[in-house]
>>> print(open('input28.txt').read())   # compact mmCIF, C-alpha atoms
# COMPACT_ATOMS: atom_id res chain seq x y z
CA MET A 27 115.32 100.42 100.88
CA ALA A 28 114.68 97.07 102.45
CA ARG A 29 113.45 93.95 100.71
CA PHE A 30 110.56 92.22 102.37
CA ARG A 31 109.96 88.52 102.52
CA PHE A 32 106.77 87.00 103.87
CA PHE A 33 106.61 83.40 105.02
CA GLY A 34 103.12 81.97 104.95
CA GLY A 35 101.53 78.59 105.48
CA LYS A 36 99.17 76.55 107.57
CA GLY A 37 99.51 76.62 111.34
CA GLY A 38 102.21 74.32 112.73
CA VAL A 39 104.18 73.77 109.54
CA GLY A 40 107.19 75.59 110.95
CA LYS A 41 106.87 79.12 109.64
CA THR A 42 108.54 80.62 112.67
CA THR A 43 111.50 78.25 112.45
CA VAL A 44 111.92 78.85 108.74
CA SER A 45 111.54 82.64 109.08
CA SER A 46 114.04 82.78 111.93
CA ALA A 47 116.47 80.56 110.03
CA TYR A 48 116.11 82.66 106.90
CA GLY A 49 116.60 85.81 108.96
CA LEU A 50 119.77 84.32 110.34
CA LYS A 51 120.91 83.43 106.85
CA CYS A 52 120.47 87.04 105.77
CA ALA A 53 122.29 88.29 108.85
CA ASN A 54 125.15 85.85 108.22
CA ALA A 55 125.43 87.23 104.73
CA GLY A 56 126.16 90.61 106.30
CA LEU A 57 122.72 92.11 105.75
CA GLU A 58 120.98 94.05 108.52
CA THR A 59 117.91 91.94 109.08
CA LEU A 60 114.71 92.31 111.02
CA VAL A 61 112.49 89.32 111.79
CA VAL A 62 108.87 90.30 112.44
CA SER A 63 106.70 87.73 114.13
CA THR A 64 102.94 87.98 114.47
CA ASP A 65 102.52 84.92 116.58
CA PRO A 66 100.70 85.62 119.83
CA ALA A 67 102.44 82.56 121.29
CA HIS A 68 105.77 84.42 121.10
CA SER A 69 107.59 81.54 119.45
CA THR A 70 110.32 83.77 118.05
CA SER A 71 111.29 84.53 121.62
CA ASP A 72 111.56 80.77 122.15
CA VAL A 73 113.71 80.24 119.08
CA PHE A 74 116.28 82.83 120.15
CA ASP A 75 115.78 82.32 123.90
CA GLN A 76 115.25 86.03 124.31
CA GLN A 77 112.15 88.07 125.10
CA PHE A 78 111.15 90.44 122.30
CA SER A 79 108.68 93.29 122.39
CA ASP A 80 106.72 95.06 119.67
CA GLU A 81 109.70 97.32 118.99
CA PRO A 82 112.71 95.95 117.05
CA GLU A 83 115.48 94.77 119.33
CA PRO A 84 118.87 93.28 118.44
CA VAL A 85 119.15 89.52 118.88
CA GLU A 86 121.93 89.08 121.38
CA ALA A 87 123.39 85.86 120.06
CA TYR A 88 123.87 87.05 116.46
CA ASP A 89 125.24 90.08 114.66
CA ASN A 90 123.08 92.07 112.22
CA LEU A 91 119.93 90.32 113.41
CA HIS A 92 116.96 92.07 115.00
CA ALA A 93 113.56 90.81 115.97
CA MET A 94 110.16 92.05 117.06
CA GLU A 95 106.91 90.38 118.01
CA ILE A 96 103.53 91.85 117.18
CA ASP A 97 100.60 90.68 119.20
CA PRO A 98 97.45 91.24 117.11
CA GLU A 99 95.18 91.11 120.14
CA GLU A 100 97.22 93.84 121.79
CA GLU A 101 97.20 95.94 118.62
CA VAL A 102 93.42 95.76 118.47
CA GLN A 103 93.12 96.72 122.12
CA ASP A 104 95.54 99.63 121.71
CA HIS A 105 93.58 100.90 118.74
CA LEU A 106 90.35 100.66 120.70
CA GLN A 107 91.83 102.43 123.72
CA ASP A 108 93.24 105.16 121.56
CA LEU A 109 89.86 105.85 119.94
CA ARG A 110 88.10 105.69 123.29
CA ARG A 111 90.45 108.29 124.64
CA GLN A 112 89.79 110.53 121.64
CA LEU A 113 86.06 110.08 122.15
CA GLY A 114 86.33 110.93 125.81
CA GLU A 115 88.17 114.10 124.99
CA GLN A 116 85.67 115.37 122.50
CA LEU A 117 82.35 114.25 123.87
CA SER A 118 80.04 114.44 126.78
CA PRO A 119 79.83 111.19 128.72
CA ALA A 120 76.13 110.82 127.90
CA MET A 121 76.88 110.63 124.20
CA VAL A 122 79.64 108.10 124.44
CA ASN A 123 77.43 105.05 125.05
CA GLU A 124 75.78 104.56 121.68
CA VAL A 125 78.99 105.37 119.87
CA SER A 126 81.24 103.25 122.02
CA LEU A 127 78.96 100.34 121.29
CA GLN A 128 79.76 100.74 117.63
CA LEU A 129 83.41 101.20 118.49
CA GLU A 130 83.53 97.97 120.42
CA MET A 131 81.69 96.13 117.70
CA ALA A 132 84.19 97.28 115.10
CA HIS A 133 87.00 95.84 117.19
CA GLN A 134 85.33 92.50 117.61
CA THR A 135 84.59 91.79 113.96
CA PRO A 136 86.45 88.82 112.51
CA GLY A 137 88.56 91.10 110.34
CA ALA A 138 89.82 93.27 113.18
CA TYR A 139 92.92 91.13 113.86
CA GLU A 140 93.94 91.19 110.25
CA ALA A 141 93.25 94.88 109.90
CA ALA A 142 95.36 95.64 112.97
CA LEU A 143 98.18 93.43 111.71
CA PHE A 144 98.08 94.94 108.28
CA ASP A 145 98.27 98.39 109.82
CA ARG A 146 101.28 97.40 111.81
CA PHE A 147 102.94 95.74 108.81
CA ILE A 148 102.62 98.99 106.89
CA GLU A 149 104.21 100.83 109.77
CA VAL A 150 107.09 98.36 109.93
CA MET A 151 107.59 98.66 106.17
CA LYS A 152 107.59 102.45 106.41
CA GLN A 153 110.20 102.43 109.12
CA SER A 154 112.40 99.77 107.57
CA ASP A 155 115.17 102.09 106.47
CA PRO A 156 117.81 100.81 108.93
CA TYR A 157 117.44 97.28 107.54
CA ASP A 158 118.42 95.57 104.33
CA ARG A 159 115.99 92.70 104.77
CA VAL A 160 112.76 92.36 106.69
CA VAL A 161 111.39 88.87 107.20
CA PHE A 162 107.71 88.54 108.14
CA ASP A 163 106.45 85.47 109.87
CA THR A 164 102.74 85.85 109.05
CA SER A 165 100.06 84.51 111.31
CA PRO A 166 98.42 81.28 110.21
CA THR A 167 95.04 82.78 109.34
CA GLY A 168 94.46 83.13 105.65
CA GLY A 169 93.01 86.55 106.35
CA THR A 170 96.37 88.24 106.70
CA LEU A 171 97.44 87.01 103.33
CA ARG A 172 94.15 88.11 101.82
CA LEU A 173 94.58 91.59 103.19
CA LEU A 174 98.13 91.74 101.90
CA ALA A 175 96.81 90.77 98.50
CA LEU A 176 94.05 93.34 98.53
CA PRO A 177 95.30 96.83 99.31
CA GLU A 178 93.83 97.99 96.00
CA TYR A 179 90.47 96.72 97.06
CA LEU A 180 90.70 98.64 100.33
CA GLU A 181 91.92 101.66 98.43
CA GLN A 182 88.89 101.56 96.17
CA TRP A 183 86.64 101.28 99.16
CA ILE A 184 88.22 104.34 100.73
CA ASP A 185 87.93 106.11 97.39
CA ARG A 186 84.20 105.58 97.33
CA LEU A 187 83.84 106.87 100.88
CA LEU A 188 85.96 109.86 99.99
CA HIS A 189 83.79 110.60 96.98
CA LYS A 190 80.57 110.41 99.01
CA ARG A 191 81.93 112.68 101.71
CA GLU A 192 83.24 115.21 99.22
CA LYS A 193 79.95 115.36 97.39
CA SER A 194 77.83 115.87 100.49
CA ILE A 195 80.16 118.59 101.73
CA ASP A 196 80.01 120.22 98.33
CA TYR A 197 76.20 120.32 98.54
CA TYR A 198 76.31 121.72 102.05
CA GLU A 199 78.61 124.49 100.89
CA LYS A 200 76.30 125.32 97.98
CA ALA A 201 73.25 125.28 100.23
CA ALA A 202 74.69 127.91 102.57
CA ILE A 203 72.77 131.05 101.52
CA GLY A 204 74.31 134.48 101.78
CA LYS A 205 76.20 134.99 105.00
CA GLN A 206 75.05 131.67 106.42
CA GLN A 207 77.86 129.33 107.47
CA ALA A 208 77.91 125.99 105.63
CA ARG A 209 77.16 123.06 107.89
CA ARG A 210 80.30 121.32 106.70
CA MET A 211 83.36 122.70 105.03
CA LYS A 212 85.83 120.93 102.82
CA GLU A 213 88.62 122.88 104.42
CA GLY A 214 89.81 121.16 107.57
CA ASP A 215 87.24 118.38 107.52
CA PRO A 216 88.77 115.74 109.80
CA ILE A 217 87.00 112.89 108.02
CA LEU A 218 88.30 113.85 104.60
CA GLN A 219 91.75 114.21 106.10
CA ARG A 220 91.64 110.78 107.70
CA LEU A 221 90.29 109.17 104.54
CA GLN A 222 93.06 110.73 102.53
CA GLU A 223 95.67 109.46 104.98
CA ARG A 224 94.22 105.97 104.82
CA LYS A 225 94.17 106.04 101.06
CA GLU A 226 97.82 107.02 100.92
CA ARG A 227 98.73 104.29 103.39
CA PHE A 228 97.00 101.60 101.34
CA ALA A 229 98.49 102.93 98.13
CA TYR A 230 101.94 102.78 99.71
CA ALA A 231 101.31 99.25 100.96
CA GLY A 232 100.10 98.10 97.55
CA GLU A 233 103.07 99.52 95.75
CA THR A 234 105.61 98.24 98.26
CA LEU A 235 104.12 94.76 98.31
CA ARG A 236 104.11 94.59 94.54
CA GLU A 237 107.58 95.91 94.02
CA GLN A 238 109.65 95.03 97.03
CA ALA A 239 108.09 91.97 98.60
CA THR A 240 108.37 88.28 97.91
CA PHE A 241 106.22 85.51 99.35
CA THR A 242 107.44 82.07 100.31
CA PHE A 243 105.21 79.28 101.47
CA VAL A 244 106.17 76.74 104.05
CA LEU A 245 104.50 73.34 103.85
CA ASN A 246 104.88 69.81 105.15
CA PRO A 247 104.84 66.75 102.93
CA ASP A 248 101.27 65.85 103.82
CA GLU A 249 98.06 66.24 101.91
CA LEU A 250 96.36 68.78 104.14
CA SER A 251 99.26 71.14 104.06
CA MET A 252 99.69 70.71 100.31
CA ARG A 253 96.05 71.50 99.66
CA GLU A 254 96.16 74.54 101.87
CA THR A 255 99.22 75.80 100.02
CA THR A 256 97.55 75.23 96.66
CA ARG A 257 94.66 77.36 97.85
CA ALA A 258 96.93 80.06 99.22
CA ILE A 259 98.95 80.27 96.01
CA GLY A 260 95.73 80.27 94.00
CA GLY A 261 94.53 83.20 96.07
CA LEU A 262 97.61 85.20 95.24
CA GLU A 263 97.58 84.32 91.57
CA ASP A 264 95.25 87.12 90.45
CA THR A 265 97.29 89.66 92.33
CA GLU A 266 100.59 91.10 91.27
CA LEU A 267 102.43 89.67 94.25
CA THR A 268 105.51 87.55 93.72
CA VAL A 269 105.55 84.01 95.08
CA ASP A 270 109.03 82.67 94.53
CA GLY A 271 109.42 79.47 96.44
CA LEU A 272 108.18 76.63 98.59
CA VAL A 273 109.95 75.41 101.67
CA VAL A 274 109.16 71.81 102.44
CA ASN A 275 109.66 71.36 106.14
CA LYS A 276 109.62 68.42 108.56
CA LEU A 277 110.81 65.75 106.14
CA THR A 278 111.50 62.41 107.74
CA PRO A 279 115.20 61.48 107.87
CA GLU A 280 116.17 58.25 106.08
CA PRO A 281 117.38 55.36 108.26
CA ASP A 282 120.62 53.52 107.54
CA ASP A 283 120.35 50.38 105.39
CA ASP A 284 121.23 48.01 108.22
CA GLU A 285 118.35 49.24 110.38
CA GLN A 286 115.72 46.54 109.79
CA GLY A 287 113.71 46.82 113.02
CA ARG A 288 110.25 48.29 113.39
CA GLY A 289 111.56 51.85 113.63
CA GLY A 290 113.72 51.42 110.55
CA THR A 291 110.83 50.01 108.48
CA PHE A 292 108.50 52.74 109.64
CA LEU A 293 110.97 55.44 108.70
CA ARG A 294 111.69 53.82 105.35
CA ASP A 295 107.97 53.64 104.49
CA ARG A 296 107.49 57.16 105.58
CA VAL A 297 110.42 58.46 103.57
CA GLU A 298 109.00 56.58 100.58
CA THR A 299 105.58 58.29 100.91
CA GLU A 300 107.14 61.66 101.45
CA ARG A 301 109.28 61.20 98.39
CA GLU A 302 106.11 60.68 96.35
CA ARG A 303 104.56 63.76 97.87
CA LEU A 304 107.68 65.75 97.17
CA ALA A 305 107.56 64.62 93.55
CA ASP A 306 103.92 65.75 93.46
CA ILE A 307 104.85 69.10 94.93
CA ARG A 308 107.56 69.55 92.35
CA SER A 309 105.30 68.68 89.45
CA ASP A 310 101.99 70.22 90.58
CA PHE A 311 103.09 73.59 91.87
CA SER A 312 104.09 76.40 89.58
CA VAL A 313 106.49 77.60 92.26
CA PRO A 314 109.89 75.90 92.72
CA VAL A 315 110.89 74.11 95.91
CA VAL A 316 113.71 76.15 97.41
CA ALA A 317 114.39 74.11 100.53
CA GLU A 318 113.88 70.64 101.93
CA ILE A 319 114.31 70.61 105.65
CA GLU A 320 114.42 67.46 107.72
CA THR A 321 112.63 67.05 111.01
CA ARG A 322 114.90 67.69 113.95
CA VAL A 323 114.77 65.76 117.18
CA ARG A 324 114.79 68.89 119.30
CA GLU A 325 113.35 72.37 118.98
CA VAL A 326 115.26 74.25 116.36
CA LYS A 327 117.47 76.82 118.06
CA GLY A 328 121.14 77.61 118.47
CA SER A 329 123.38 75.58 116.17
CA LEU A 330 120.37 73.69 114.81
CA LEU A 331 119.04 77.02 113.55
CA GLU A 332 122.32 77.60 111.71
CA ASP A 333 121.96 74.16 110.12
CA VAL A 334 118.43 74.89 108.97
CA ALA A 335 119.53 78.29 107.70
CA SER A 336 122.11 76.66 105.46
CA GLU A 337 119.43 74.33 104.08
CA ILE A 338 117.32 77.18 102.74
CA GLY A 339 118.19 77.61 99.11
CA ILE A 340 117.32 81.27 98.78
CA ASP A 341 120.32 83.48 98.31
CA PRO A 342 119.54 86.66 100.23
CA THR A 343 122.28 88.64 98.54
CA GLU A 344 120.91 87.81 95.12
CA GLU A 345 117.76 89.75 95.86
CA ILE A 346 119.69 92.99 95.66
CA ALA A 347 119.77 92.64 91.91
CA VAL A 348 116.00 92.21 91.82
CA GLY A 349 115.04 94.91 94.26
CA ASP A 350 117.51 97.74 94.15
CA MET B 10 51.79 162.53 102.61
CA THR B 11 52.62 163.49 99.05
CA LEU B 12 51.83 161.35 96.11
CA ALA B 13 55.53 160.64 95.54
CA GLU B 14 55.91 159.38 99.11
CA ARG B 15 52.90 157.14 98.77
CA ILE B 16 54.24 155.69 95.55
CA ASP B 17 57.62 155.03 97.25
CA GLU B 18 55.93 153.33 100.16
CA PHE B 19 53.88 151.20 97.84
CA LEU B 20 56.97 150.25 95.87
CA ASP B 21 58.83 149.35 99.08
CA THR B 22 56.04 147.05 100.16
CA LEU B 23 55.91 145.55 96.72
CA LYS B 24 59.66 144.95 96.75
CA LEU B 25 59.45 143.35 100.15
CA TRP B 26 56.70 141.05 99.00
CA ALA B 27 58.48 140.24 95.79
CA ARG B 28 61.66 139.42 97.63
CA GLY B 29 59.75 137.37 100.16
CA LEU B 30 57.93 135.43 97.49
CA TYR B 31 61.12 134.93 95.49
CA HIS B 32 62.91 133.66 98.53
CA GLY B 33 60.06 131.56 99.83
CA MET B 34 59.00 130.03 96.57
CA LEU B 35 62.27 129.73 94.70
CA THR B 36 65.57 130.16 96.50
CA HIS B 37 64.68 128.66 99.81
CA PRO B 38 63.12 125.47 98.45
CA ALA B 39 66.08 125.16 96.12
CA TYR B 40 68.59 125.42 98.91
CA GLU B 41 66.46 123.20 101.05
CA THR B 42 66.44 120.55 98.36
CA LEU B 43 70.17 120.89 98.07
CA GLU B 44 70.65 120.55 101.80
CA LYS B 45 68.33 117.54 101.94
CA GLU B 46 70.32 115.93 99.18
CA ALA B 47 73.49 116.60 101.13
CA GLU B 48 71.93 115.03 104.19
CA ASP B 49 70.91 111.97 102.19
CA LEU B 50 74.41 111.65 100.81
CA GLU B 51 75.80 111.93 104.27
CA ASP B 52 73.47 109.21 105.45
CA ALA B 53 74.70 107.03 102.62
CA PHE B 54 78.25 107.80 103.68
CA MET B 55 77.48 106.84 107.24
CA LEU B 56 75.88 103.61 106.10
CA ALA B 57 78.92 102.80 103.99
CA CYS B 58 81.13 103.48 107.01
CA PHE B 59 79.12 101.68 109.66
CA PRO B 60 76.94 99.04 108.05
CA ASP B 61 77.51 96.76 111.03
CA ALA B 62 75.30 99.05 113.09
CA PHE B 63 72.49 97.47 111.08
CA GLY B 64 73.86 93.97 111.03
CA ILE B 65 75.77 94.07 107.77
CA PRO B 66 79.39 93.05 108.32
CA SER B 67 82.00 95.34 106.83
CA PRO B 68 85.62 94.47 106.08
CA VAL B 69 86.75 98.00 106.79
CA SER B 70 84.82 98.75 109.95
CA TYR B 71 88.05 98.54 111.93
CA TYR B 72 89.38 101.45 109.91
CA THR B 73 86.18 103.46 109.71
CA ALA B 74 85.84 103.27 113.49
CA GLU B 75 88.55 105.92 113.45
CA PHE B 76 85.96 108.46 112.27
CA LEU B 77 83.70 107.89 115.25
CA PRO B 78 85.32 110.50 117.48
CA TYR B 79 84.49 113.10 114.83
CA LEU B 80 81.08 111.79 113.89
CA ALA B 81 79.79 110.94 117.33
CA ASP B 82 76.76 113.25 117.50
CA GLU B 83 75.95 112.68 113.85
CA PHE B 84 76.20 108.96 114.41
CA GLU B 85 73.43 108.96 116.99
CA ALA B 86 71.16 111.16 114.91
CA TRP B 87 71.85 109.07 111.84
CA GLN B 88 70.97 105.86 113.59
CA ARG B 89 67.69 107.32 114.83
CA ARG B 90 66.90 108.61 111.36
CA MET B 91 67.60 105.26 109.80
CA TRP B 92 65.36 103.47 112.24
CA ASP B 93 62.31 105.64 111.68
CA ARG B 94 62.58 106.66 108.11
CA ASP B 95 59.19 105.81 106.62
CA SER B 96 59.79 105.60 102.93
CA LEU B 97 61.77 107.20 100.20
CA ILE B 98 58.61 108.85 98.83
CA GLU B 99 57.86 110.36 102.20
CA ARG B 100 61.40 111.71 102.43
CA LYS B 101 61.55 113.05 98.90
CA GLY B 102 58.02 114.44 99.15
CA GLN B 103 58.91 116.71 102.03
CA GLN B 104 60.22 119.37 99.68
CA TYR B 105 56.73 120.06 98.31
CA HIS B 106 55.33 121.26 101.67
CA PHE B 107 51.85 119.86 101.29
>>> encode(input="input28.txt", output="structure tokens")
Amino acid sequence: MARFRFFGGKGGVGKTTVSSAYGLKCANAGLETLVVSTDPAHSTSDVFDQQFSDEPEPVEAYDNLHAMEIDPEEEVQDHLQDLRRQLGEQLSPAMVNEVSLQLEMAHQTPGAYEAALFDRFIEVMKQSDPYDRVVFDTSPTGGTLRLLALPEYLEQWIDRLLHKREKSIDYYEKAAIGKQQARRMKEGDPILQRLQERKERFAYAGETLREQATFTFVLNPDELSMRETTRAIGGLEDTELTVDGLVVNKLTPEPDDDEQGRGGTFLRDRVETERERLADIRSDFSVPVVAEIETRVREVKGSLLEDVASEIGIDPTEEIAVGD
Amino acid sequence: MTLAERIDEFLDTLKLWARGLYHGMLTHPAYETLEKEAEDLEDAFMLACFPDAFGIPSPVSYYTAEFLPYLADEFEAWQRRMWDRDSLIERKGQQYHF
């Protein structure tokens, strides 16, 4: 069984870099690793200089490392197309209009992206047997995290729907007099079947996320990012999910002592401020800082990625003891 | 026609009437009430599945949209029903056949 690690954080803090680097770290430790990106901008492809699709593919430059990119927009469209096709098969064209309106609406609601992503995450988790570690680079919206935290809530919702449906079918069956056929039958009711499937999926997700997943937040040493992280951690506090570390990314490198020019002073001031922030992060957050990563001059890829990987203080092999 | 035959005929008619009255006044209304209740429950189910059809956003509408292929004809009827339902009293009062 694989262990799952989710990297979360505000947009632009470097989640993709940190997830890729952590994935590489796992792979270097000899663990079969899959990096799952949900970024529609395909930044994982940029990090490894290789085009990935929504199916896992081996990363050419490294052993044991695989990657996939999920495009939420595409997932939503696929889901919509799939349902449209089903509708077309079972209905007369005249009927489709009113219903397809509802269908379209359901795929344009603000939660549709998150729902589609969550669905896909569950699928990835279910098919994670070939891997020892799966690293998720979650999309910047807080919604994904909320959904991950709330499978029980969704499960309860489905439960209520299930109950309503069962009861009405029960009444229909009782109301069928003599040889009359009941208008609905419990046996083979497609709605009940679908609801049951959904329920099981959410139950699986809830259990897996509680027992086999760990969350790590990436943040930058600035106030906005710190506040956002406080909120995100607060949101997960009431759930049974494990948050085990903070990765502080994009720290300013310290200049040498003899650099007294404008650049040197600027950097020194900046390092000073960031040091204060870092102290705040250490004292204010209940979660330990597991990595401090300096800003790089170039995009982090190739050997730079290896460097960053070695700066992440999470030991991927240690997790075996926790999970298995 | 003998007396016995006439009595039998009378009894048959009586039985028919009795059965008719029993069915019309007791069983049928009972089953009708049951069926109405089932319909109401189903309407509630539909509303819980597709509240956005009436402007109430739902966090699970992405998932419940999966039922639409199976509920398509019911969906239309349900929406019409919801639009012109007069009142709960009117709906519940139907069983008394005034």
>>> atom_distance(input="input28.txt", atom1="CA of Asp215 in chain A", atom2="CA of Val150 in chain A")
28.3 Å
>>> closest_residue(input="input28.txt", among="A:Ser46, A:Thr135, A:Thr278, A:Gln112", to="Pro247 in chain A", atoms="all atoms listed in the file")
A:Thr278
>>> residues_around(input="input28.txt", residues="range 30-33 of chain A", least_positions_apart="6", cutoff="9 Å", atoms="only C-alpha atoms", output="list of chain:residue names")
A:Lys41, A:Thr42, A:Val44, A:Ser45, A:Met151, A:Asp158, A:Arg159, A:Val160, A:Val161, A:Phe162, A:Asp163, A:Thr164, A:Thr234, A:Leu235, A:Gln238, A:Ala239, A:Thr240, A:Phe241, A:Thr242, A:Phe243, A:Val244
>>> interface_residues(input="input28.txt", of="chain A", to="chain B", cutoff="8 Å", atoms="all atoms listed in the file", output="VMD selection string")
chain A and resid 109 112 to 113 116 to 117 121 to 122 124 to 125 128 to 129 131 to 133 135 137 to 138 141 to 142 180 187 190 to 191 193 to 198 200 to 203 216 to 217 220
>>> closest_residue(input="input28.txt", among="A:Ile184, A:Ala258, A:Val316, A:Leu267", to="Arg227 in chain A", atoms="all atoms listed in the file")
A:Ile184
>>> residues_around(input="input28.txt", residues="Asp248 in chain A", least_positions_apart="5", cutoff="9 Å", atoms="all atoms listed in the file", output="list in words")
Arg253, Glu300 and Arg303 of chain A
>>> atom_distance(input="input28.txt", atom1="CA of Leu20 in chain B", atom2="CA of His32 in chain B")
17.8 Å
>>> atom_distance(input="input28.txt", atom1="CA of Tyr157 in chain A", atom2="CA of Leu176 in chain A")
25.4 Å
>>> closest_residue(input="input28.txt", among="B:Ile98, B:Ala27, B:Ala13, B:Met91", to="Pro60 in chain B", atoms="only C-alpha atoms")
B:Met91
>>> residues_near_point(input="input28.txt", point="(115.0, 86.2, 125.0)", cutoff="12 Å", atoms="all atoms listed in the file", output="list in words")
His68, Ser69, Thr70, Ser71, Asp72, Val73, Phe74, Asp75, Gln76, Gln77, Phe78, Ser79, Glu83, Pro84, Val85, Glu86, Ala87, His92, Ala93, Met94, Glu95 and Lys327 of chain A
>>> write_last_selection(input="input28.txt", atoms="C-alpha atoms", output="PDB file, in the coordinates of the input")
ATOM      1  CA  HIS A  68     105.770  84.420 121.100  1.00  0.00           C
ATOM      2  CA  SER A  69     107.590  81.540 119.450  1.00  0.00           C
ATOM      3  CA  THR A  70     110.320  83.770 118.050  1.00  0.00           C
ATOM      4  CA  SER A  71     111.290  84.530 121.620  1.00  0.00           C
ATOM      5  CA  ASP A  72     111.560  80.770 122.150  1.00  0.00           C
ATOM      6  CA  VAL A  73     113.710  80.240 119.080  1.00  0.00           C
ATOM      7  CA  PHE A  74     116.280  82.830 120.150  1.00  0.00           C
ATOM      8  CA  ASP A  75     115.780  82.320 123.900  1.00  0.00           C
ATOM      9  CA  GLN A  76     115.250  86.030 124.310  1.00  0.00           C
ATOM     10  CA  GLN A  77     112.150  88.070 125.100  1.00  0.00           C
ATOM     11  CA  PHE A  78     111.150  90.440 122.300  1.00  0.00           C
ATOM     12  CA  SER A  79     108.680  93.290 122.390  1.00  0.00           C
ATOM     13  CA  GLU A  83     115.480  94.770 119.330  1.00  0.00           C
ATOM     14  CA  PRO A  84     118.870  93.280 118.440  1.00  0.00           C
ATOM     15  CA  VAL A  85     119.150  89.520 118.880  1.00  0.00           C
ATOM     16  CA  GLU A  86     121.930  89.080 121.380  1.00  0.00           C
ATOM     17  CA  ALA A  87     123.390  85.860 120.060  1.00  0.00           C
ATOM     18  CA  HIS A  92     116.960  92.070 115.000  1.00  0.00           C
ATOM     19  CA  ALA A  93     113.560  90.810 115.970  1.00  0.00           C
ATOM     20  CA  MET A  94     110.160  92.050 117.060  1.00  0.00           C
ATOM     21  CA  GLU A  95     106.910  90.380 118.010  1.00  0.00           C
ATOM     22  CA  LYS A 327     117.470  76.820 118.060  1.00  0.00           C
TER      23      LYS A 327
END
>>> axis_aligned_box(input="input28.txt", around="range 280-286 of chain A", padding_each_side="6 Å", output="lines of an AutoDock Vina configuration file")
center_x = 118.5
center_y = 52.4
center_z = 107.9
size_x = 17.5
size_y = 23.7
size_z = 17.0
>>> closest_residue(input="input28.txt", among="A:Ile259, A:Ile96, A:Leu277, A:Leu57", to="Val323 in chain A", atoms="all atoms listed in the file")
A:Leu277
>>> closest_residue(input="input28.txt", among="A:Leu218, A:Ile319, A:Leu173, A:Ala229", to="Leu262 in chain A", atoms="all atoms listed in the file")
A:Leu173
